[in-house]
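Report on the following structure.
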2 protein chains.
Amino acid sequence: MSPDTTRRIGVVTNILAANDRVAEENRRRFAKAGVCVVNLISSPGAGKTTLLEHTIPALRDLRVGVIVGDIATTRDAERIAVHDVPVVQITTETFGGSCHLEASTIRQALDQIDVDNLDLLFVENVGNLVCPAEFDLGEHAKVALLSVTEGEDKPLKYPLAFQVSSLAIISKVDLVPHLRFDLDLLRSHLDRVNPKLPRVELSVESRQGMDTWLGWLREQVAAARG
Amino acid sequence: MSPDTTRRIGVVTNILAANDRVAEENRRRFAKAGVCVVNLISSPGAGKTTLLEHTIPALRDLRVGVIVGDIATTRDAERIAVHDVPVVQITTETFGGSCHLEASTIRQALDQIDVDNLDLLFVENVGNLVCPAEFDLGEHAKVALLSVTEGEDKPLKYPLAFQVSSLAIISKVDLVPHLRFDLDLLRSHLDRVNPKLPRVELSVESRQGMDTWLGWLREQVAAARG
């Protein structure tokens, strides 16, 4: 192991410890407000924003808000704001182009969104299956999205994302007939990495899995209300 | 900006400066060997390994080697080794689960692959469109892959990857008829981020774009020989 690498591992440990302290503060803030916080993580293009566009209109009886993380652009926030819910966009360009959200960036976003008047707050993390899995934001649950176009091997290659999440969503399942893709093989890889992880096979096009996903969200909201 | 964030930006700068020194050493090593080094970067599942599986058999007149980066598993290296070329797998789990390759990890890999007997060395980076764009490995060219299933907006959201690359490959174009996807819109987004970036629209299924890609590679190899 090179000196550079050793130094980097030390650095990452310090950052994670600092992050965890702020995450605890966020967690207490969310508990006080009785708001359920769900952190969506995936590769770029797995369908996080599209899923939210289809989820928010189906939860009109709940007060929903969204924090969106991106390196650049406010495109995702604009797509979500159309649905008339409070949205805060974090562009991490101003944080050194960071490839993930940290607890401290969430804390700052809370200045701009009134969590006391929300039942459910989504955090749409930066598109990246690696670092977002490492950073606790103080959320109630992480949800890992994986699209069928990404291949069956991704749970084995990015195990942490599927080990720290409370739910896996296999997205774009309507595309399976057009792909060289073995859904059973993906299922067995998820079993190897985290056999207890609940999963939903979902398509916003066919609506397959949408009711299961919405039901899961309602359970989380009820649990967070206490 | 929080104190945590300020600290992180400082840290990232130091890491990049340390990386660049090692990258220069690698670059001199590659020049001495007359080997051309091409660094493939993309999101998970954009098709880097599949592209190499189709590229290597088409370049039998060249001496090709591959360095594969992954967080976990040796699956990609195994897929490539079938084609009877020297392969080194770097699993970054042992480097703190790093989400990208650094120059120093490449330098270590060079102990296990004889670059003096190669014409072309591919580096298949960790699946991530963010950090791999920031780290110089001493390569001749970065190539950014983007699959059509990821959506038209990705060049705007991950601009650096398309600004530091010498070629963009738009992969899986055979799937366009099955997607809500506007190829012209993707082209215009690439123009906005980097109008001079050459691009190849490619499918290993239909072989569209394969000859252009192979021709581009042969030009790079000829230029590296000097």
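Each chain in the structure tokens gets a letter, A, B, ..., in the order shown, and its residues are numbered from 1; ligands are numbered from 1 in order too.
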
Using only C-alpha atoms, which protein or nucleic acid residues come within 10 Å of Leu51 (chain B)? Drop anything in the same chain fewer than 6 positions from it, and give the result as a compact mmCIF listing (two decimals) with N, CA, C and O atoms, in the first residue's frame.
# COMPACT_ATOMS: atom_id res chain seq x y z
N LEU B 145 -17.97 6.50 -21.45
CA LEU B 145 -19.11 5.75 -21.99
C LEU B 145 -20.38 6.21 -21.30
O LEU B 145 -20.39 6.42 -20.08
N SER B 171 -23.41 4.25 -25.75
CA SER B 171 -23.52 2.79 -25.88
C SER B 171 -24.98 2.32 -25.86
O SER B 171 -25.88 3.07 -25.50
N LEU B 202 -22.71 3.63 -30.55
CA LEU B 202 -22.22 2.27 -30.67
C LEU B 202 -23.18 1.23 -30.09
O LEU B 202 -23.88 1.49 -29.10
N SER B 203 -23.20 0.07 -30.71
CA SER B 203 -23.90 -1.08 -30.15
C SER B 203 -23.08 -2.32 -30.44
O SER B 203 -22.77 -2.60 -31.60
N VAL B 204 -22.74 -3.08 -29.41
CA VAL B 204 -22.03 -4.32 -29.66
C VAL B 204 -22.97 -5.37 -30.25
O VAL B 204 -22.52 -6.32 -30.88
N MET B 210 -18.71 0.14 -34.28
CA MET B 210 -17.52 -0.62 -33.85
C MET B 210 -16.29 -0.28 -34.70
O MET B 210 -15.19 -0.13 -34.16

Query - Distance criterion (only C-alpha atoms): nearest to Arg75 (chain B) out of B:Thr105, B:Thr91, B:Ser166, B:Asn194 - result: B:Thr91

Out of region 39-185 of chain B, which residues get strand (DSSP E or B) from DSSP, as a PDB file with N, CA, C and O atoms, in the first residue's frame?
ATOM      1  N   ASN B  39      -8.109   4.973 -20.713  1.00  0.00           N
ATOM      2  CA  ASN B  39      -8.815   4.853 -19.436  1.00  0.00           C
ATOM      3  C   ASN B  39     -10.320   4.985 -19.679  1.00  0.00           C
ATOM      4  O   ASN B  39     -10.799   6.046 -20.075  1.00  0.00           O
ATOM      5  N   LEU B  40     -11.066   3.912 -19.478  1.00  0.00           N
ATOM      6  CA  LEU B  40     -12.515   3.900 -19.728  1.00  0.00           C
ATOM      7  C   LEU B  40     -13.272   4.278 -18.464  1.00  0.00           C
ATOM      8  O   LEU B  40     -13.119   3.625 -17.435  1.00  0.00           O
ATOM      9  N   ILE B  41     -14.102   5.314 -18.558  1.00  0.00           N
ATOM     10  CA  ILE B  41     -14.900   5.697 -17.386  1.00  0.00           C
ATOM     11  C   ILE B  41     -16.384   5.758 -17.749  1.00  0.00           C
ATOM     12  O   ILE B  41     -16.752   6.125 -18.853  1.00  0.00           O
ATOM     13  N   VAL B  64      -2.364  -6.428 -26.521  1.00  0.00           N
ATOM     14  CA  VAL B  64      -3.290  -5.684 -25.657  1.00  0.00           C
ATOM     15  C   VAL B  64      -3.231  -6.226 -24.230  1.00  0.00           C
ATOM     16  O   VAL B  64      -3.139  -7.442 -24.038  1.00  0.00           O
ATOM     17  N   GLY B  65      -3.288  -5.334 -23.241  1.00  0.00           N
ATOM     18  CA  GLY B  65      -3.414  -5.718 -21.839  1.00  0.00           C
ATOM     19  C   GLY B  65      -4.511  -4.891 -21.186  1.00  0.00           C
ATOM     20  O   GLY B  65      -4.932  -3.864 -21.737  1.00  0.00           O
ATOM     21  N   VAL B  66      -4.972  -5.349 -20.025  1.00  0.00           N
ATOM     22  CA  VAL B  66      -6.077  -4.663 -19.350  1.00  0.00           C
ATOM     23  C   VAL B  66      -5.815  -4.594 -17.851  1.00  0.00           C
ATOM     24  O   VAL B  66      -5.433  -5.597 -17.229  1.00  0.00           O
ATOM     25  N   ILE B  67      -6.038  -3.413 -17.274  1.00  0.00           N
ATOM     26  CA  ILE B  67      -6.104  -3.257 -15.820  1.00  0.00           C
ATOM     27  C   ILE B  67      -7.554  -2.938 -15.483  1.00  0.00           C
ATOM     28  O   ILE B  67      -8.126  -2.006 -16.031  1.00  0.00           O
ATOM     29  N   VAL B  68      -8.140  -3.748 -14.602  1.00  0.00           N
ATOM     30  CA  VAL B  68      -9.556  -3.590 -14.272  1.00  0.00           C
ATOM     31  C   VAL B  68      -9.695  -3.129 -12.833  1.00  0.00           C
ATOM     32  O   VAL B  68      -9.130  -3.745 -11.931  1.00  0.00           O
ATOM     33  N   GLY B  69     -10.444  -2.053 -12.621  1.00  0.00           N
ATOM     34  CA  GLY B  69     -10.715  -1.574 -11.264  1.00  0.00           C
ATOM     35  C   GLY B  69     -12.139  -1.884 -10.854  1.00  0.00           C
ATOM     36  O   GLY B  69     -13.071  -1.650 -11.623  1.00  0.00           O
ATOM     37  N   ASP B  70     -12.307  -2.425  -9.659  1.00  0.00           N
ATOM     38  CA  ASP B  70     -13.633  -2.645  -9.088  1.00  0.00           C
ATOM     39  C   ASP B  70     -13.510  -2.490  -7.591  1.00  0.00           C
ATOM     40  O   ASP B  70     -12.437  -2.695  -7.025  1.00  0.00           O
ATOM     41  N   VAL B  87      -4.220  -9.591 -17.783  1.00  0.00           N
ATOM     42  CA  VAL B  87      -5.197  -8.791 -17.040  1.00  0.00           C
ATOM     43  C   VAL B  87      -4.746  -8.667 -15.595  1.00  0.00           C
ATOM     44  O   VAL B  87      -4.329  -9.656 -14.991  1.00  0.00           O
ATOM     45  N   VAL B  88      -4.818  -7.464 -15.050  1.00  0.00           N
ATOM     46  CA  VAL B  88      -4.620  -7.269 -13.613  1.00  0.00           C
ATOM     47  C   VAL B  88      -5.902  -6.691 -13.041  1.00  0.00           C
ATOM     48  O   VAL B  88      -6.420  -5.702 -13.556  1.00  0.00           O
ATOM     49  N   GLN B  89      -6.414  -7.306 -11.994  1.00  0.00           N
ATOM     50  CA  GLN B  89      -7.602  -6.764 -11.323  1.00  0.00           C
ATOM     51  C   GLN B  89      -7.162  -6.000 -10.075  1.00  0.00           C
ATOM     52  O   GLN B  89      -6.424  -6.528  -9.246  1.00  0.00           O
ATOM     53  N   ILE B  90      -7.619  -4.770  -9.963  1.00  0.00           N
ATOM     54  CA  ILE B  90      -7.449  -4.018  -8.715  1.00  0.00           C
ATOM     55  C   ILE B  90      -8.802  -4.003  -8.025  1.00  0.00           C
ATOM     56  O   ILE B  90      -9.779  -3.521  -8.606  1.00  0.00           O
ATOM     57  N   THR B  91      -8.897  -4.543  -6.824  1.00  0.00           N
ATOM     58  CA  THR B  91     -10.135  -4.380  -6.064  1.00  0.00           C
ATOM     59  C   THR B  91      -9.872  -3.327  -4.994  1.00  0.00           C
ATOM     60  O   THR B  91      -9.007  -3.494  -4.138  1.00  0.00           O
ATOM     61  N   LEU B 120      -1.082  -1.625 -26.420  1.00  0.00           N
ATOM     62  CA  LEU B 120      -2.283  -0.930 -25.961  1.00  0.00           C
ATOM     63  C   LEU B 120      -2.675  -1.486 -24.599  1.00  0.00           C
ATOM     64  O   LEU B 120      -2.849  -2.697 -24.441  1.00  0.00           O
ATOM     65  N   LEU B 121      -2.798  -0.589 -23.623  1.00  0.00           N
ATOM     66  CA  LEU B 121      -3.229  -0.996 -22.283  1.00  0.00           C
ATOM     67  C   LEU B 121      -4.531  -0.279 -21.956  1.00  0.00           C
ATOM     68  O   LEU B 121      -4.580   0.954 -21.927  1.00  0.00           O
ATOM     69  N   PHE B 122      -5.586  -1.054 -21.759  1.00  0.00           N
ATOM     70  CA  PHE B 122      -6.854  -0.478 -21.314  1.00  0.00           C
ATOM     71  C   PHE B 122      -6.886  -0.444 -19.793  1.00  0.00           C
ATOM     72  O   PHE B 122      -6.474  -1.401 -19.133  1.00  0.00           O
ATOM     73  N   VAL B 123      -7.392   0.654 -19.253  1.00  0.00           N
ATOM     74  CA  VAL B 123      -7.730   0.717 -17.835  1.00  0.00           C
ATOM     75  C   VAL B 123      -9.247   0.821 -17.764  1.00  0.00           C
ATOM     76  O   VAL B 123      -9.833   1.768 -18.288  1.00  0.00           O
ATOM     77  N   GLU B 124      -9.875  -0.173 -17.180  1.00  0.00           N
ATOM     78  CA  GLU B 124     -11.315  -0.117 -16.962  1.00  0.00           C
ATOM     79  C   GLU B 124     -11.535   0.390 -15.548  1.00  0.00           C
ATOM     80  O   GLU B 124     -11.304  -0.320 -14.574  1.00  0.00           O
ATOM     81  N   ALA B 141      -5.412   8.848 -22.990  1.00  0.00           N
ATOM     82  CA  ALA B 141      -6.763   9.342 -23.250  1.00  0.00           C
ATOM     83  C   ALA B 141      -7.754   8.700 -22.292  1.00  0.00           C
ATOM     84  O   ALA B 141      -7.656   7.516 -21.979  1.00  0.00           O
ATOM     85  N   LYS B 142      -8.692   9.513 -21.853  1.00  0.00           N
ATOM     86  CA  LYS B 142      -9.872   8.995 -21.170  1.00  0.00           C
ATOM     87  C   LYS B 142     -10.989   8.853 -22.208  1.00  0.00           C
ATOM     88  O   LYS B 142     -11.134   9.697 -23.100  1.00  0.00           O
ATOM     89  N   VAL B 143     -11.773   7.795 -22.084  1.00  0.00           N
ATOM     90  CA  VAL B 143     -12.943   7.596 -22.933  1.00  0.00           C
ATOM     91  C   VAL B 143     -14.158   7.468 -22.015  1.00  0.00           C
ATOM     92  O   VAL B 143     -14.165   6.613 -21.117  1.00  0.00           O
ATOM     93  N   ALA B 144     -15.144   8.341 -22.208  1.00  0.00           N
ATOM     94  CA  ALA B 144     -16.355   8.307 -21.376  1.00  0.00           C
ATOM     95  C   ALA B 144     -17.442   7.530 -22.101  1.00  0.00           C
ATOM     96  O   ALA B 144     -17.779   7.851 -23.246  1.00  0.00           O
ATOM     97  N   LEU B 145     -17.966   6.502 -21.446  1.00  0.00           N
ATOM     98  CA  LEU B 145     -19.107   5.751 -21.991  1.00  0.00           C
ATOM     99  C   LEU B 145     -20.377   6.211 -21.303  1.00  0.00           C
ATOM    100  O   LEU B 145     -20.392   6.416 -20.081  1.00  0.00           O
ATOM    101  N   LEU B 146     -21.436   6.300 -22.084  1.00  0.00           N
ATOM    102  CA  LEU B 146     -22.740   6.699 -21.558  1.00  0.00           C
ATOM    103  C   LEU B 146     -23.766   5.863 -22.289  1.00  0.00           C
ATOM    104  O   LEU B 146     -23.830   5.906 -23.526  1.00  0.00           O
ATOM    105  N   SER B 147     -24.556   5.085 -21.543  1.00  0.00           N
ATOM    106  CA  SER B 147     -25.542   4.258 -22.238  1.00  0.00           C
ATOM    107  C   SER B 147     -26.832   5.041 -22.436  1.00  0.00           C
ATOM    108  O   SER B 147     -27.178   5.922 -21.637  1.00  0.00           O
ATOM    109  N   LEU B 167     -12.821  11.080 -26.078  1.00  0.00           N
ATOM    110  CA  LEU B 167     -13.849  10.445 -26.912  1.00  0.00           C
ATOM    111  C   LEU B 167     -15.038  10.108 -26.018  1.00  0.00           C
ATOM    112  O   LEU B 167     -14.848   9.698 -24.872  1.00  0.00           O
ATOM    113  N   ALA B 168     -16.237  10.284 -26.566  1.00  0.00           N
ATOM    114  CA  ALA B 168     -17.442   9.809 -25.869  1.00  0.00           C
ATOM    115  C   ALA B 168     -18.028   8.663 -26.669  1.00  0.00           C
ATOM    116  O   ALA B 168     -18.113   8.737 -27.900  1.00  0.00           O
ATOM    117  N   ILE B 169     -18.396   7.602 -25.967  1.00  0.00           N
ATOM    118  CA  ILE B 169     -19.100   6.489 -26.614  1.00  0.00           C
ATOM    119  C   ILE B 169     -20.518   6.452 -26.058  1.00  0.00           C
ATOM    120  O   ILE B 169     -20.714   6.348 -24.847  1.00  0.00           O
ATOM    121  N   ILE B 170     -21.481   6.612 -26.956  1.00  0.00           N
ATOM    122  CA  ILE B 170     -22.887   6.470 -26.568  1.00  0.00           C
ATOM    123  C   ILE B 170     -23.230   5.010 -26.833  1.00  0.00           C
ATOM    124  O   ILE B 170     -23.286   4.587 -27.997  1.00  0.00           O
ATOM    125  N   SER B 171     -23.412   4.246 -25.748  1.00  0.00           N
ATOM    126  CA  SER B 171     -23.524   2.792 -25.880  1.00  0.00           C
ATOM    127  C   SER B 171     -24.975   2.323 -25.856  1.00  0.00           C
ATOM    128  O   SER B 171     -25.880   3.075 -25.501  1.00  0.00           O
TER     129      SER B 171
END

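Each of B:Arg207, B:Lys196, B:His100, B:Arg28 was checked against chain A using only C-alpha atoms; the smallest atom-to-atom distance is that of B:His100.
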
Report task. Please give the complete set of residues from region 71-214 of chain A that DSSP, run on the backbone, assigns to alpha helix (DSSP H), formatted as a PyMOL selection string. Result -> chain A and resi 75-81+103-109+154-157+159-164+183-193+210-214

Within 9 Å of Asn117 (chain B) using only C-alpha atoms, minus same-chain residues under 6 positions, as an mmCIF file with C-alpha atoms, in the first residue's frame:
data_model
loop_
_atom_site.group_PDB
_atom_site.id
_atom_site.type_symbol
_atom_site.label_atom_id
_atom_site.label_comp_id
_atom_site.auth_asym_id
_atom_site.auth_seq_id
_atom_site.Cartn_x
_atom_site.Cartn_y
_atom_site.Cartn_z
ATOM 1 C CA ALA B 33 7.513 1.478 -23.287
ATOM 2 C CA VAL B 35 2.447 1.732 -24.996
ATOM 3 C CA ARG B 63 -0.509 -6.709 -28.026
ATOM 4 C CA VAL B 64 -3.290 -5.684 -25.657
#

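By only C-alpha atoms, and with residues fewer than 2 positions from Gln220 (chain B) along its chain excluded, the set lying at most 10 Å from it is Val35, Cys36, Val37, Val38, Leu120, His140, Ala141, Leu214, Gly215, Trp216, Leu217, Arg218, Ala222, Ala223, Ala224 and Arg225 of chain B.
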
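Shortest atom-to-atom contact with chain B among A:Leu110, A:Ala31, A:Leu137, A:Leu179: A:Leu179, counting only C-alpha atoms.
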
**Report entry** Residue with smallest distance to chain A - pool B:Glu219, B:Asp114, B:Asp153, B:Glu53, counting only C-alpha atoms
**Finding:** B:Asp153

**Report entry** B:Glu24, B:Asp182, B:Asp84, B:Glu152 ranked by distance to chain A, top pick (using only C-alpha atoms)
**Finding:** B:Glu152
